[in-house]
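> Here it is: the structure, laid out below.
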Amino acid sequence: MPVSPSEAADALRDISQTERRSFSAYGYKSAAPQLILWGLLWFLGYSGTYLVPPATNWIWLAIVIFGAAASALIGMRGKPRGQQKFSWRIFFTWLAALAFISSVVSIFSPFNGKQIGTLFPLFIGWAYVVIGIWMGWRFAIAGLVIVALALFGYFQLAPNPFLLWMAFLGGGVLIGTGLWLRRA
Amino acid sequence: MDQPDPTIHQPIRLKIMAALKVMPEGEPLEFVRLKTIVGATEGNLGAHIGTLESAGYASVTKDFNGKKPRTRVALTKDGRRAFEDYVAYLRDIIGAGDTAQGS
């Protein structure tokens, strides 16, 4: 049975919509465990900074390196057997993010702790907004919530409560978003 | 291709193929996610996946994720090729239609 041009156009539209939905679902599934991991690390980083201020730089360096390696290992999961390789792309993506923020800090210094503590979440939050524009609105919502929390904390809270605010609410939003995406 | 591939030329099966095509090669999609993406009932989706599997276009694996049983579906190499051919066939029809309207 021949297919008319309008039926062909409808079928191509269906294909395009389904591919977009599938692409989002794949992104959500892949990102969910990563967000949960980084939510926990975020909590440890900010609460560690609150508890041991002199060790702040070492705490965050250790967290980013450990987190980059753990992210890459998580990226291996779910891959078919034979394709389970350590994901160097994920590892270097996080190191590049660290390098970017360190470069920004180096040219705009001196920063106070609260400013640096806000810079990380702003960078991550806006990165999620951009990812959301391309891959699925849930990322954008999570990004905007992180940005809003960071800005509210920066402008409204004193330095110490700010660290706890980011530890519990910032980390909590990432973990909550990870659980939300897992069900998407 | 003069005629559409009858296995793919069915709206639900076409959506299943489109959803699986997005996955990296060899990587399966869970049945429950596929159900949400395609918007089909469980029984309907299962029947269409069976048809695609019989045609050699999809492969189905069943295992356990912890204690939960899990069914996953992936596109085979033949399935990927057949889907690409089908999309090219649709594009040709639209192209031919445009040419006919323009003349």
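Scheme for the structure tokens: letters A, B, ... for chains in order shown; per-chain residue numbers from 1; ligand numbers from 1 in order shown.
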Determine, counting only C-alpha atoms, which protein, DNA and RNA residues have an atom within 10 Å of an atom of A:Ala69; residues of the same chain fewer than 5 positions away are not included. Present the result as number ranges by chain.
A: 63-64, 74-75, 86-88, 90-92, 94-95
> Residues of the last selection are to be written out with N, CA and C atoms, as a JSON list (two decimals), in the first residue's frame.

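Just written: out-v9.json:
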```
[["chain", "number", "residue", "atom", "x", "y", "z"],
["A", 63, "ILE", "N", 37.18, 16.36, 47.13],
["A", 63, "ILE", "CA", 35.81, 16.04, 46.70],
["A", 63, "ILE", "C", 35.69, 16.03, 45.18],
["A", 64, "VAL", "N", 36.28, 17.02, 44.52],
["A", 64, "VAL", "CA", 36.15, 17.07, 43.05],
["A", 64, "VAL", "C", 36.88, 15.88, 42.42],
["A", 74, "ILE", "N", 30.38, 5.38, 37.75],
["A", 74, "ILE", "CA", 28.92, 5.26, 37.63],
["A", 74, "ILE", "C", 28.52, 5.25, 36.14],
["A", 75, "GLY", "N", 29.24, 6.04, 35.34],
["A", 75, "GLY", "CA", 28.97, 6.10, 33.91],
["A", 75, "GLY", "C", 29.14, 4.75, 33.22],
["A", 86, "PHE", "N", 36.04, 2.57, 31.82],
["A", 86, "PHE", "CA", 36.09, 3.76, 32.66],
["A", 86, "PHE", "C", 35.87, 4.98, 31.76],
["A", 87, "SER", "N", 34.90, 5.82, 32.15],
["A", 87, "SER", "CA", 34.54, 6.93, 31.28],
["A", 87, "SER", "C", 35.45, 8.13, 31.52],
["A", 88, "TRP", "N", 36.53, 8.19, 30.76],
["A", 88, "TRP", "CA", 37.48, 9.30, 30.91],
["A", 88, "TRP", "C", 36.85, 10.63, 30.55],
["A", 90, "ILE", "N", 33.79, 11.66, 31.25],
["A", 90, "ILE", "CA", 33.12, 12.20, 32.44],
["A", 90, "ILE", "C", 34.17, 12.71, 33.42],
["A", 91, "PHE", "N", 35.23, 11.92, 33.63],
["A", 91, "PHE", "CA", 36.29, 12.30, 34.57],
["A", 91, "PHE", "C", 36.88, 13.66, 34.18],
["A", 92, "PHE", "N", 37.24, 13.81, 32.90],
["A", 92, "PHE", "CA", 37.87, 15.06, 32.48],
["A", 92, "PHE", "C", 36.88, 16.22, 32.38],
["A", 94, "TRP", "N", 34.62, 16.86, 34.64],
["A", 94, "TRP", "CA", 34.62, 17.45, 35.98],
["A", 94, "TRP", "C", 35.92, 18.18, 36.28],
["A", 95, "LEU", "N", 37.05, 17.60, 35.81],
["A", 95, "LEU", "CA", 38.31, 18.31, 36.02],
["A", 95, "LEU", "C", 38.33, 19.63, 35.25]]
```
> Given only C-alpha atoms, how would the per-residue table for chain A near chain B read, listing every residue at most 6 Å away with its closest atom pair and distance in Å to one decimal, sorted by chain and number, as a Markdown table?

```
| residue | atom | partner | partner_atom | distance |
| --- | --- | --- | --- | --- |
| A:Pro5 | CA | B:Ile94 | CA | 4.9 |
| A:Ala8 | CA | B:Leu90 | CA | 5.1 |
| A:Ile15 | CA | B:Ala18 | CA | 5.6 |
| A:Thr18 | CA | B:Ala19 | CA | 5.8 |
| A:Glu19 | CA | B:Ala19 | CA | 5.3 |
| A:Ser22 | CA | B:Ala19 | CA | 5.1 |
| A:Pro80 | CA | B:Glu27 | CA | 5.9 |
```
> Restrict the selected residues to N, CA and C atoms and save them as a PDB file, in the first residue's frame.

```
ATOM      1  N   PRO A   5       2.289  11.635   0.629  1.00  0.00           N
ATOM      2  CA  PRO A   5       3.229  12.595   1.229  1.00  0.00           C
ATOM      3  C   PRO A   5       2.776  13.092   2.605  1.00  0.00           C
ATOM      4  N   ALA A   8       3.433  10.409   5.121  1.00  0.00           N
ATOM      5  CA  ALA A   8       4.882  10.330   5.356  1.00  0.00           C
ATOM      6  C   ALA A   8       5.323  11.460   6.294  1.00  0.00           C
ATOM      7  N   ILE A  15       8.102  10.283  14.523  1.00  0.00           N
ATOM      8  CA  ILE A  15       9.463   9.778  14.783  1.00  0.00           C
ATOM      9  C   ILE A  15      10.268  10.839  15.531  1.00  0.00           C
ATOM     10  N   THR A  18       9.073  11.215  19.167  1.00  0.00           N
ATOM     11  CA  THR A  18       9.451  10.052  19.977  1.00  0.00           C
ATOM     12  C   THR A  18      10.947  10.060  20.263  1.00  0.00           C
ATOM     13  N   GLU A  19      11.733  10.412  19.262  1.00  0.00           N
ATOM     14  CA  GLU A  19      13.186  10.467  19.469  1.00  0.00           C
ATOM     15  C   GLU A  19      13.536  11.503  20.539  1.00  0.00           C
ATOM     16  N   SER A  22      12.657  10.072  23.918  1.00  0.00           N
ATOM     17  CA  SER A  22      13.590   9.010  24.277  1.00  0.00           C
ATOM     18  C   SER A  22      14.948   9.591  24.680  1.00  0.00           C
ATOM     19  N   PRO A  80      26.320  -2.140  28.018  1.00  0.00           N
ATOM     20  CA  PRO A  80      26.363  -3.573  27.728  1.00  0.00           C
ATOM     21  C   PRO A  80      27.757  -4.144  28.037  1.00  0.00           C
TER      22      PRO A  80
END
```
> Taking 4 positions as the minimum chain separation for residues in the same chain, which residues sit within 6 Å of stretch 23-27 of chain A when counting only C-alpha atoms? Answer as a list in words.
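These residues fall inside the cut-off: Glu19, Ala31, Met135 and Gly136 of chain A.
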> Report the distance between atom CA of A:Ile116 and atom CA of A:Ile101 in Å, rounded to one decimal place.
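Pair atom CA of A:Ile116 / atom CA of A:Ile101 returns 9.0 Å.
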> To test your reading of the structure, identify every residue in chain A that backbone DSSP assigns to alpha helix (DSSP H), and report it as a ChimeraX atom specification.
/A:5-51,56-76,88-108,113-135,137-156,159-165,171-183
> Can you pull out the residues contacting A:Val147? Cut-off 7 Å, using only C-alpha atoms, and skip same-chain residues under 4 positions away; I want them as a ChimeraX atom specification.
/A:121-122,125,143,151
> Just how far from atom CA of B:Gly50 is atom CA of A:Leu12, in Å to one decimal?
23.4 Å
> Please return as JSON, numbers by chain: the residues of chain B that backbone DSSP assigns to strand (DSSP E or B).
{"B": [29, 30, 58, 59, 60, 61, 62, 63, 64, 65, 68, 69, 70, 71, 72, 73, 74, 75]}
> What does the file look like for those residues with C-alpha atoms, as a PDB file, in the first residue's frame?

```
ATOM      1  CA  LEU B  29      15.957   0.620  27.080  1.00  0.00           C
ATOM      2  CA  GLU B  30      13.876  -0.594  29.992  1.00  0.00           C
ATOM      3  CA  ALA B  58      14.792  -5.929  18.396  1.00  0.00           C
ATOM      4  CA  SER B  59      16.365  -8.067  21.089  1.00  0.00           C
ATOM      5  CA  VAL B  60      14.814  -8.594  24.501  1.00  0.00           C
ATOM      6  CA  THR B  61      16.731  -9.405  27.696  1.00  0.00           C
ATOM      7  CA  LYS B  62      15.118 -10.324  30.997  1.00  0.00           C
ATOM      8  CA  ASP B  63      17.048 -10.144  34.251  1.00  0.00           C
ATOM      9  CA  PHE B  64      16.780  -8.887  37.821  1.00  0.00           C
ATOM     10  CA  ASN B  65      17.678  -5.425  39.040  1.00  0.00           C
ATOM     11  CA  LYS B  68      12.894  -6.634  40.799  1.00  0.00           C
ATOM     12  CA  PRO B  69      12.439  -8.414  37.476  1.00  0.00           C
ATOM     13  CA  ARG B  70      13.463  -6.221  34.558  1.00  0.00           C
ATOM     14  CA  THR B  71      12.822  -6.442  30.835  1.00  0.00           C
ATOM     15  CA  ARG B  72      15.028  -4.474  28.484  1.00  0.00           C
ATOM     16  CA  VAL B  73      14.778  -3.976  24.745  1.00  0.00           C
ATOM     17  CA  ALA B  74      17.486  -2.976  22.279  1.00  0.00           C
ATOM     18  CA  LEU B  75      17.615  -2.399  18.552  1.00  0.00           C
TER      19      LEU B  75
END
```
> So which residues touch A:Met166 within 12 Å, counting only C-alpha atoms, skipping near sequence neighbours fewer than 2 positions away, as a PyMOL selection string?
chain A and resi 39-50+114+117-122+145-154+157+159-164+168-174
> Excluding B:Ala55 and residues on its chain fewer than 6 positions from it, collect all residues at most 10 Å away from it, counting only C-alpha atoms, and give them as a ChimeraX atom specification.
/B:7-8,49,78-79
> Can those selected residues be exported to a file as a PDB file, in the first residue's frame so that it contains N, CA and C atoms?

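Output (part.pdb):
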```
ATOM      1  N   THR B   7       6.696  -4.434   8.787  1.00  0.00           N
ATOM      2  CA  THR B   7       6.944  -4.609  10.228  1.00  0.00           C
ATOM      3  C   THR B   7       7.036  -3.252  10.923  1.00  0.00           C
ATOM      4  N   ILE B   8       7.681  -2.298  10.269  1.00  0.00           N
ATOM      5  CA  ILE B   8       7.857  -0.969  10.889  1.00  0.00           C
ATOM      6  C   ILE B   8       6.661  -0.068  10.609  1.00  0.00           C
ATOM      7  N   ILE B  49       6.529  -5.537  20.579  1.00  0.00           N
ATOM      8  CA  ILE B  49       7.952  -5.875  20.749  1.00  0.00           C
ATOM      9  C   ILE B  49       8.188  -7.314  20.272  1.00  0.00           C
ATOM     10  N   ASP B  78      20.299  -5.149  12.349  1.00  0.00           N
ATOM     11  CA  ASP B  78      19.325  -5.244  11.243  1.00  0.00           C
ATOM     12  C   ASP B  78      18.186  -4.244  11.462  1.00  0.00           C
ATOM     13  N   GLY B  79      17.763  -4.124  12.717  1.00  0.00           N
ATOM     14  CA  GLY B  79      16.678  -3.205  13.051  1.00  0.00           C
ATOM     15  C   GLY B  79      17.066  -1.764  12.783  1.00  0.00           C
TER      16      GLY B  79
END
```
